[in-house]
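See below for the structure under consideration.
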Protein chains: 2
Amino acid sequence: MAVSKVAEFTQEDIWMADIAKALSHPARIRILKILTEMNICMCGDIVEQLPLAQATVSQHLKELKRVVLIQGEIEGPKVCYCVNDKTLQKAKKELDKLFSQVCNC
Amino acid sequence: MAVSKVAEFTQEDIWMADIAKALSHPARIRILKILTEMNICMCGDIVEQLPLAQATVSQHLKELKRVVLIQGEIEGPKVCYCVNDKTLQKAKKELDKLFSQVCNC
DNA sequence: TTTCATCATCGTATATTTACGATTAACGAT
DNA sequence: ATCGTTAATCGTAAATATACGATGATGAAA
């Protein structure tokens with residue numbers, strides 16, 4: 001694109017779109033589910049369960065971290081990932097709000 | 001990317017990611033709101049309310065149509081757009097399901 | 001039938017995303 | 001100190017997304 005026009009929208013719409021972007025790849029949906037299903041949650045565990053290389057999974061984790069849907073805690077050479085309930089709750093609330101605004105039901 | 005790996009995920013995760021992708025630009029969030037707020041909903045009306053050229057808005061509408069979050073009805077030279085409540089309801093339901101699976105709250 | 005209005009599509013430029021191998025960094029264990 | 005494990009980052013290639021001007025198609029109105 002020539003130049004992004006994203007900044008010309010409201011902060012609310014930008015945030016919502018940003019959360020949606022983080023959820024816009026099936027690998028990242030899957031990662032969120034894996035993080036909840038499993039107790040231990042190292043990057044390696046996730047790589048095992050996805051048809052993707054370690055570098056690619058690391059990139060997807062980075063995107064989820066960017067919007068704070070997940071967070072990682074360094075434990076020696078390992079990193080223990082988990083979902084961030086606060087952001088998830090806010091996302092759910094804002095999505096509910098959007099859908100109630102937008103749906104005639 | 002070399003080759004997309006999207007097909008290797010479940011249909012459910014792919015659908016959810018696809019809906020999220022459609023919502024992943026603030027212009028498209030805004031368009032959904034405009035379509036609900038306004039009674040008449042021509043493409044031109046939307047263009048007026050966005051800081052984007054007509055061709056760009058048309059592209060965003062196409063992306064929303066792709067996942068059937070909206071639909072357009074041709075009325076002479078005009079096209080009357082409206083949100084698709086059925087898809088919105090399904091999206092809300094699936095998102096709720098995802099969040100309940102993924103959030104410890 | 002010519003003109004106008006409306007909107008999709010084409011062509012194009014640039015930015016971003018997806019994917020991976022290779023490398024690097026950080027730490028624990030030997 | 002060296003080695004193995006873990007995961008981030010770099011470099012790169014290819015696919016997609018974003019943005020717009022120009023053009024095309026369609027139908028209403030003159």
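Here, A, B, ... name the chains of the structure tokens in the order displayed, residue numbers run from 1 inside each chain, and ligands are numbered from 1 in the same displayed order.
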
Q | chain B contacts on chain A, only C-alpha atoms, 10 Å, as JSON, numbers by chain | A | {"A": [5, 6, 7, 8, 9, 10, 11, 12, 13, 14, 15, 16, 17, 18, 19, 20, 21, 22, 23, 24, 25, 26, 27, 28, 29, 30, 31, 32, 33, 34, 35, 36, 37, 50, 51, 52, 83, 84, 85, 86, 87, 88, 89, 91, 92, 95, 96, 98, 99, 100, 101, 102, 103, 104, 105]}

Q: Residues of chain C near chain A: apply a cut-off of 10 Å, count only C-alpha atoms (C1' of nucleotides), and supply the list as a PyMOL selection string.
A: chain C and resi 13-16+18-21+25-28

Q: Run DSSP on the backbone of this structure and report the residues of chain B it assigns to alpha helix (DSSP H), as a VMD selection string.
A: chain B and resid 11 to 22 26 to 37 43 to 49 54 to 66 85 to 102

Q | Test item: chain D residues at most 12 Å from chain B, counting only C-alpha atoms (C1' of nucleotides), as a PyMOL selection string | A | chain D and resi 12-23+25-29

(Q) To one decimal place in Å, what is the distance between C1' of DC4 in chain C and CA of Met38 in chain B? (A) 25.2 Å

Q. Skipping near chain neighbours, those fewer than 6 positions away, what residues fall within 10 Å of Ser58 in chain B using only C-alpha atoms (C1' of nucleotides), listed as a ChimeraX atom specification?
A. /B:43-44,46-47,52,64 /C:7-9

(Q) What does the structure give for the distance between CA of Gly72 in chain B and C1' of DT2 in chain C, in Å to one decimal? (A)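 Going from CA of Gly72 in chain B over to C1' of DT2 in chain C, I get 28.9 Å.
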